[in-house]
>>> print(open('coords32.cif').read())   # mmCIF, C-alpha atoms
data_start
#
loop_
_atom_site.group_PDB
_atom_site.id
_atom_site.type_symbol
_atom_site.label_atom_id
_atom_site.label_comp_id
_atom_site.auth_asym_id
_atom_site.auth_seq_id
_atom_site.Cartn_x
_atom_site.Cartn_y
_atom_site.Cartn_z
ATOM 1 C CA SER P 1 -7.671 -5.244 -20.845
ATOM 2 C CA ILE P 2 -4.557 -3.213 -21.641
ATOM 3 C CA GLY P 3 -1.022 -4.205 -20.711
ATOM 4 C CA ARG P 4 0.575 -0.755 -20.807
ATOM 5 C CA VAL P 5 -0.553 2.607 -22.101
ATOM 6 C CA ASP P 6 1.162 5.979 -22.595
ATOM 7 C CA ALA P 7 -1.389 8.633 -23.551
ATOM 8 C CA ARG P 8 -2.847 12.000 -22.695
ATOM 9 C CA ASP P 9 -6.267 10.710 -21.505
ATOM 10 C CA VAL P 10 -7.083 7.137 -20.524
ATOM 11 C CA ALA P 11 -10.611 6.013 -19.588
ATOM 12 C CA VAL P 12 -11.535 2.399 -18.873
ATOM 13 C CA THR P 13 -14.927 1.039 -17.838
ATOM 14 C CA MET P 14 -15.248 -2.599 -16.762
ATOM 15 C CA GLY P 15 -11.710 -3.416 -17.817
ATOM 16 C CA ALA P 16 -8.134 -3.636 -16.606
ATOM 17 C CA ILE P 17 -4.897 -1.736 -17.154
ATOM 18 C CA GLY P 18 -1.528 -3.166 -16.199
ATOM 19 C CA GLY P 19 0.283 0.190 -16.240
ATOM 20 C CA ALA P 20 -0.622 3.694 -17.351
ATOM 21 C CA ARG P 21 1.269 6.949 -17.785
ATOM 22 C CA ALA P 22 -0.997 9.830 -18.754
ATOM 23 C CA ALA P 23 -2.179 13.323 -17.924
ATOM 24 C CA ARG P 24 -5.574 11.892 -16.875
ATOM 25 C CA VAL P 25 -6.515 8.324 -15.977
ATOM 26 C CA SER P 26 -10.052 7.159 -15.174
ATOM 27 C CA VAL P 27 -11.013 3.604 -14.194
ATOM 28 C CA GLU P 28 -14.592 2.624 -13.372
ATOM 29 C CA MET P 29 -15.523 -0.896 -12.203
ATOM 30 C CA GLY P 30 -12.137 -2.265 -13.167
ATOM 31 C CA ALA P 31 -8.573 -2.901 -12.113
ATOM 32 C CA LEU P 32 -5.408 -0.846 -12.395
ATOM 33 C CA GLY P 33 -1.978 -2.296 -11.730
ATOM 34 C CA GLY P 34 -0.178 1.046 -11.543
ATOM 35 C CA ALA P 35 -0.422 4.597 -12.816
ATOM 36 C CA ILE P 36 1.619 7.764 -12.966
ATOM 37 C CA ALA P 37 -0.614 10.689 -13.872
ATOM 38 C CA GLY P 38 -1.552 14.264 -13.200
ATOM 39 C CA GLU P 39 -5.173 13.420 -12.375
ATOM 40 C CA VAL P 40 -6.529 9.983 -11.506
ATOM 41 C CA THR P 41 -10.149 9.001 -10.873
ATOM 42 C CA VAL P 42 -11.021 5.487 -9.732
ATOM 43 C CA SER P 43 -14.518 4.275 -8.965
ATOM 44 C CA GLN P 44 -15.299 0.768 -7.718
ATOM 45 C CA ALA P 45 -11.827 -0.400 -8.665
ATOM 46 C CA GLY P 46 -8.926 -2.399 -7.341
ATOM 47 C CA VAL P 47 -5.606 -0.564 -7.672
ATOM 48 C CA GLY P 48 -1.997 -1.554 -7.053
ATOM 49 C CA THR P 49 0.005 1.692 -7.051
ATOM 50 C CA LEU P 50 -1.089 5.239 -7.853
ATOM 51 C CA ILE P 51 1.245 8.207 -8.174
ATOM 52 C CA ALA P 52 -0.603 11.400 -9.037
ATOM 53 C CA ARG P 53 -0.880 15.102 -8.454
ATOM 54 C CA GLN P 54 -4.639 14.792 -7.801
ATOM 55 C CA ALA P 55 -6.498 11.577 -7.030
ATOM 56 C CA ARG P 56 -10.238 11.026 -6.634
ATOM 57 C CA VAL P 57 -11.272 7.696 -5.150
ATOM 58 C CA GLU P 58 -14.764 6.243 -4.832
ATOM 59 C CA GLN P 59 -15.496 2.795 -3.319
ATOM 60 C CA SER P 60 -12.114 1.356 -4.228
ATOM 61 C CA ILE P 61 -9.278 -0.603 -2.677
ATOM 62 C CA ILE P 62 -5.760 0.736 -3.210
ATOM 63 C CA ARG P 63 -2.469 -0.792 -2.098
ATOM 64 C CA THR P 64 -0.255 2.312 -2.415
ATOM 65 C CA LEU P 65 -1.372 5.885 -3.074
ATOM 66 C CA ILE P 66 1.074 8.774 -3.392
ATOM 67 C CA ALA P 67 -0.498 12.108 -4.296
ATOM 68 C CA GLN P 68 -0.465 15.784 -3.548
ATOM 69 C CA GLU P 69 -4.255 15.971 -3.153
ATOM 70 C CA VAL P 70 -6.623 13.063 -2.462
ATOM 71 C CA ARG P 71 -10.416 13.245 -2.431
ATOM 72 C CA VAL P 72 -12.397 10.214 -1.250
ATOM 73 C CA ASP P 73 -16.128 10.438 -1.984
ATOM 74 C CA ARG P 74 -17.317 7.090 -0.619
ATOM 75 C CA PRO P 75 -15.685 4.740 1.876
ATOM 76 C CA SER P 76 -12.532 3.230 0.426
ATOM 77 C CA GLY P 77 -9.582 1.279 1.755
ATOM 78 C CA VAL P 78 -5.966 2.295 1.283
ATOM 79 C CA LEU P 79 -3.083 0.210 2.617
ATOM 80 C CA VAL P 80 -0.362 2.894 2.394
ATOM 81 C CA MET P 81 -1.096 6.544 1.613
ATOM 82 C CA ILE P 82 1.350 9.423 1.332
ATOM 83 C CA ALA P 83 -0.489 12.668 0.612
ATOM 84 C CA GLN P 84 -0.193 16.358 1.316
ATOM 85 C CA ARG P 85 -3.958 16.859 1.662
ATOM 86 C CA VAL P 86 -6.727 14.288 2.125
ATOM 87 C CA GLU P 87 -10.481 14.990 2.081
ATOM 88 C CA GLY P 88 -13.342 12.581 2.605
ATOM 89 C CA ASP P 89 -14.044 9.235 4.228
ATOM 90 C CA VAL P 90 -10.895 7.147 3.848
ATOM 91 C CA ARG P 91 -9.856 4.209 5.968
ATOM 92 C CA THR P 92 -6.088 3.816 6.092
ATOM 93 C CA ILE P 93 -5.105 0.290 6.950
ATOM 94 C CA LEU P 94 -1.489 1.159 7.735
ATOM 95 C CA ASP P 95 -0.799 4.608 9.267
ATOM 96 C CA TRP P 96 2.668 5.947 10.151
ATOM 97 C CA ARG P 97 2.689 4.327 13.630
ATOM 98 C CA ALA P 98 1.735 0.923 12.264
ATOM 99 C CA ALA P 99 4.296 1.303 9.453
ATOM 100 C CA ALA P 100 7.032 2.101 12.002
ATOM 101 C CA ALA P 101 6.052 -0.911 14.125
ATOM 102 C CA PHE P 102 5.978 -3.149 11.040
ATOM 103 C CA GLY P 103 9.406 -1.905 9.952
ATOM 104 C CA ALA P 104 10.888 -2.514 13.405
ATOM 105 C CA ALA P 105 9.400 -6.017 13.614
ATOM 106 C CA PHE P 106 10.544 -6.861 10.081
ATOM 107 C CA GLY P 107 14.075 -5.639 10.867
ATOM 108 C CA LEU P 108 14.181 -7.691 14.058
ATOM 109 C CA VAL P 109 13.005 -10.876 12.330
ATOM 110 C CA ALA P 110 15.392 -10.354 9.405
ATOM 111 C CA GLY P 111 18.277 -9.823 11.832
ATOM 112 C CA LEU P 112 17.410 -12.975 13.778
ATOM 113 C CA LEU P 113 17.157 -15.038 10.585
ATOM 114 C CA ARG P 114 20.499 -13.705 9.350
ATOM 115 C CA ARG P 115 22.108 -14.525 12.693
ATOM 116 C CA ALA P 116 20.574 -18.038 12.704
ATOM 117 C CA ARG P 117 22.093 -18.810 9.296
ATOM 118 C CA ARG P 118 25.598 -18.119 10.590
#
>>> encode(input="coords32.cif", output="structure tokens")
Amino acid sequence: SIGRVDARDVAVTMGAIGGARAARVSVEMGALGGAIAGEVTVSQAGVGTLIARQARVEQSIIRTLIAQEVRVDRPSGVLVMIAQRVEGDVRTILDWRAAAAFGAAFGLVAGLLRRARR
């Protein structure tokens, strides 16, 4: 496993990266805490946060994905995705309507808790 890496190309198979900043990042059968890269490829991986120009995802679970272009080759799960263009079979767990409802409910509960403290 790697805690943090700054490089041009990063490729990990059956391992883990805490954080990566690179032109290209590739993770296969591993875990990635977060990455900022031009191109990211993840295959059978668990990912925290991805920020990329181009992302290719295959059978992976991602918490947050922000990219200009996303290509999903096999079914994958993404909690929050912000992308200009998405291709493939992706299952978003939280779309914009659900995010708006969650934000409204969270604001209401936070307001009630704040009022109850006073």
>>> closest_residue(input="coords32.cif", among="P:Ala116, P:Ala20, P:Ala101, P:Ile2", to="P:Thr49", atoms="all atoms listed in the file")
P:Ala20
>>> resolve_selection(input="coords32.cif", expression="the PyMOL selection byres ((chain P and resi 45) around 9)", output="number ranges by chain")
P: 27-32, 42-44, 46-47, 57-62
>>> write_last_selection(input="coords32.cif", atoms="C-alpha atoms", output="mmCIF file, in the coordinates of the input")
data_model
loop_
_atom_site.group_PDB
_atom_site.id
_atom_site.type_symbol
_atom_site.label_atom_id
_atom_site.label_comp_id
_atom_site.auth_asym_id
_atom_site.auth_seq_id
_atom_site.Cartn_x
_atom_site.Cartn_y
_atom_site.Cartn_z
ATOM 1 C CA VAL P 27 -11.013 3.604 -14.194
ATOM 2 C CA GLU P 28 -14.592 2.624 -13.372
ATOM 3 C CA MET P 29 -15.523 -0.896 -12.203
ATOM 4 C CA GLY P 30 -12.137 -2.265 -13.167
ATOM 5 C CA ALA P 31 -8.573 -2.901 -12.113
ATOM 6 C CA LEU P 32 -5.408 -0.846 -12.395
ATOM 7 C CA VAL P 42 -11.021 5.487 -9.732
ATOM 8 C CA SER P 43 -14.518 4.275 -8.965
ATOM 9 C CA GLN P 44 -15.299 0.768 -7.718
ATOM 10 C CA GLY P 46 -8.926 -2.399 -7.341
ATOM 11 C CA VAL P 47 -5.606 -0.564 -7.672
ATOM 12 C CA VAL P 57 -11.272 7.696 -5.150
ATOM 13 C CA GLU P 58 -14.764 6.243 -4.832
ATOM 14 C CA GLN P 59 -15.496 2.795 -3.319
ATOM 15 C CA SER P 60 -12.114 1.356 -4.228
ATOM 16 C CA ILE P 61 -9.278 -0.603 -2.677
ATOM 17 C CA ILE P 62 -5.760 0.736 -3.210
#
>>> closest_residue(input="coords32.cif", among="P:Ser1, P:Asp73, P:Glu87, P:Ala98", to="P:Met14", atoms="only C-alpha atoms")
P:Ser1
>>> residues_around(input="coords32.cif", residues="P:Asp95", least_positions_apart="3", cutoff="8 Å", atoms="only C-alpha atoms", output="list in words")
Val80, Met81, Thr92, Ala98 and Ala99 of chain P
>>> closest_residue(input="coords32.cif", among="P:Gly19, P:Val70, P:Arg63, P:Val78", to="P:Thr41", atoms="only C-alpha atoms")
P:Val70
>>> atom_distance(input="coords32.cif", atom1="atom CA of P:Asp6", atom2="atom CA of P:Gly48")
17.6 Å
>>> atom_distance(input="coords32.cif", atom1="atom CA of P:Arg97", atom2="atom CA of P:Ile82")
13.4 Å
>>> atom_distance(input="coords32.cif", atom1="atom CA of P:Val25", atom2="atom CA of P:Val10")
4.7 Å
>>> resolve_selection(input="coords32.cif", expression="the PyMOL selection byres ((chain P and resi 50) around 6)", output="ChimeraX atom specification")
/P:34-35,49,51,65
>>> closest_residue(input="coords32.cif", among="P:Thr64, P:Ser26, P:Gln54, P:Ser76", to="P:Arg8", atoms="all atoms listed in the file")
P:Ser26
>>> residues_around(input="coords32.cif", residues="P:Glu69", least_positions_apart="4", cutoff="7 Å", atoms="all atoms listed in the file", output="PyMOL selection string")
chain P and resi 53-55+83-86
>>> axis_aligned_box(input="coords32.cif", around="stretch 41-50 of chain P", padding_each_side="6 Å", output="JSON")
{"center_x": -7.6, "center_y": 3.3, "center_z": -9.0, "size_x": 27.3, "size_y": 23.4, "size_z": 15.8}
>>> closest_residue(input="coords32.cif", among="P:Phe102, P:Val40, P:Arg74, P:Asp9", to="P:Asp89", atoms="all atoms listed in the file")
P:Arg74
>>> decode(input="coords32.cif", residues="stretch 22-45 of chain P", atoms="N, CA and C atoms", output="PDB file, in the first residue's frame")
ATOM      1  N   ALA P  22      -1.552  12.562 -10.240  1.00  0.00           N
ATOM      2  CA  ALA P  22      -0.751  12.096 -11.370  1.00  0.00           C
ATOM      3  C   ALA P  22      -1.454  12.419 -12.684  1.00  0.00           C
ATOM      4  N   ALA P  23      -0.727  12.263 -13.772  1.00  0.00           N
ATOM      5  CA  ALA P  23      -1.334  12.406 -15.092  1.00  0.00           C
ATOM      6  C   ALA P  23      -2.244  11.213 -15.366  1.00  0.00           C
ATOM      7  N   ARG P  24      -1.783   9.997 -14.987  1.00  0.00           N
ATOM      8  CA  ARG P  24      -2.571   8.781 -15.170  1.00  0.00           C
ATOM      9  C   ARG P  24      -2.500   7.927 -13.908  1.00  0.00           C
ATOM     10  N   VAL P  25      -3.674   7.468 -13.473  1.00  0.00           N
ATOM     11  CA  VAL P  25      -3.766   6.577 -12.316  1.00  0.00           C
ATOM     12  C   VAL P  25      -4.567   5.351 -12.733  1.00  0.00           C
ATOM     13  N   SER P  26      -4.060   4.164 -12.380  1.00  0.00           N
ATOM     14  CA  SER P  26      -4.739   2.913 -12.677  1.00  0.00           C
ATOM     15  C   SER P  26      -4.733   2.038 -11.425  1.00  0.00           C
ATOM     16  N   VAL P  27      -5.905   1.583 -11.012  1.00  0.00           N
ATOM     17  CA  VAL P  27      -6.016   0.700  -9.849  1.00  0.00           C
ATOM     18  C   VAL P  27      -6.858  -0.501 -10.260  1.00  0.00           C
ATOM     19  N   GLU P  28      -6.292  -1.701 -10.074  1.00  0.00           N
ATOM     20  CA  GLU P  28      -6.995  -2.931 -10.399  1.00  0.00           C
ATOM     21  C   GLU P  28      -7.036  -3.815  -9.155  1.00  0.00           C
ATOM     22  N   MET P  29      -8.232  -4.253  -8.784  1.00  0.00           N
ATOM     23  CA  MET P  29      -8.457  -5.092  -7.604  1.00  0.00           C
ATOM     24  C   MET P  29      -7.798  -4.480  -6.368  1.00  0.00           C
ATOM     25  N   GLY P  30      -8.128  -3.230  -6.102  1.00  0.00           N
ATOM     26  CA  GLY P  30      -7.523  -2.557  -4.963  1.00  0.00           C
ATOM     27  C   GLY P  30      -8.424  -1.477  -4.401  1.00  0.00           C
ATOM     28  N   ALA P  31      -7.815  -0.560  -3.687  1.00  0.00           N
ATOM     29  CA  ALA P  31      -8.541   0.531  -3.053  1.00  0.00           C
ATOM     30  C   ALA P  31      -7.801   1.840  -3.309  1.00  0.00           C
ATOM     31  N   LEU P  32      -8.575   2.907  -3.436  1.00  0.00           N
ATOM     32  CA  LEU P  32      -8.026   4.226  -3.687  1.00  0.00           C
ATOM     33  C   LEU P  32      -8.788   5.223  -2.829  1.00  0.00           C
ATOM     34  N   GLY P  33      -8.074   5.877  -1.924  1.00  0.00           N
ATOM     35  CA  GLY P  33      -8.722   6.855  -1.057  1.00  0.00           C
ATOM     36  C   GLY P  33      -9.161   8.085  -1.826  1.00  0.00           C
ATOM     37  N   GLY P  34      -8.283   8.643  -2.641  1.00  0.00           N
ATOM     38  CA  GLY P  34      -8.605   9.817  -3.435  1.00  0.00           C
ATOM     39  C   GLY P  34      -7.564  10.026  -4.509  1.00  0.00           C
ATOM     40  N   ALA P  35      -8.000  10.641  -5.620  1.00  0.00           N
ATOM     41  CA  ALA P  35      -7.065  10.904  -6.712  1.00  0.00           C
ATOM     42  C   ALA P  35      -7.469  12.143  -7.473  1.00  0.00           C
ATOM     43  N   ILE P  36      -6.457  12.891  -7.888  1.00  0.00           N
ATOM     44  CA  ILE P  36      -6.621  14.002  -8.814  1.00  0.00           C
ATOM     45  C   ILE P  36      -5.718  13.671  -9.985  1.00  0.00           C
ATOM     46  N   ALA P  37      -6.327  13.490 -11.167  1.00  0.00           N
ATOM     47  CA  ALA P  37      -5.542  13.034 -12.316  1.00  0.00           C
ATOM     48  C   ALA P  37      -6.195  13.442 -13.626  1.00  0.00           C
ATOM     49  N   GLY P  38      -5.418  13.359 -14.680  1.00  0.00           N
ATOM     50  CA  GLY P  38      -5.954  13.592 -16.008  1.00  0.00           C
ATOM     51  C   GLY P  38      -6.783  12.403 -16.463  1.00  0.00           C
ATOM     52  N   GLU P  39      -6.239  11.205 -16.317  1.00  0.00           N
ATOM     53  CA  GLU P  39      -6.927   9.976 -16.698  1.00  0.00           C
ATOM     54  C   GLU P  39      -6.869   8.994 -15.536  1.00  0.00           C
ATOM     55  N   VAL P  40      -8.023   8.420 -15.203  1.00  0.00           N
ATOM     56  CA  VAL P  40      -8.093   7.440 -14.126  1.00  0.00           C
ATOM     57  C   VAL P  40      -8.815   6.202 -14.644  1.00  0.00           C
ATOM     58  N   THR P  41      -8.252   5.033 -14.356  1.00  0.00           N
ATOM     59  CA  THR P  41      -8.885   3.760 -14.677  1.00  0.00           C
ATOM     60  C   THR P  41      -8.949   2.940 -13.399  1.00  0.00           C
ATOM     61  N   VAL P  42     -10.159   2.516 -13.029  1.00  0.00           N
ATOM     62  CA  VAL P  42     -10.316   1.655 -11.862  1.00  0.00           C
ATOM     63  C   VAL P  42     -11.098   0.418 -12.281  1.00  0.00           C
ATOM     64  N   SER P  43     -10.629  -0.727 -11.833  1.00  0.00           N
ATOM     65  CA  SER P  43     -11.256  -1.994 -12.163  1.00  0.00           C
ATOM     66  C   SER P  43     -11.347  -2.834 -10.898  1.00  0.00           C
ATOM     67  N   GLN P  44     -12.539  -3.227 -10.535  1.00  0.00           N
ATOM     68  CA  GLN P  44     -12.791  -4.008  -9.325  1.00  0.00           C
ATOM     69  C   GLN P  44     -12.126  -3.351  -8.122  1.00  0.00           C
ATOM     70  N   ALA P  45     -12.498  -2.092  -7.896  1.00  0.00           N
ATOM     71  CA  ALA P  45     -11.858  -1.314  -6.837  1.00  0.00           C
ATOM     72  C   ALA P  45     -12.903  -0.590  -6.001  1.00  0.00           C
TER      73      ALA P  45
END
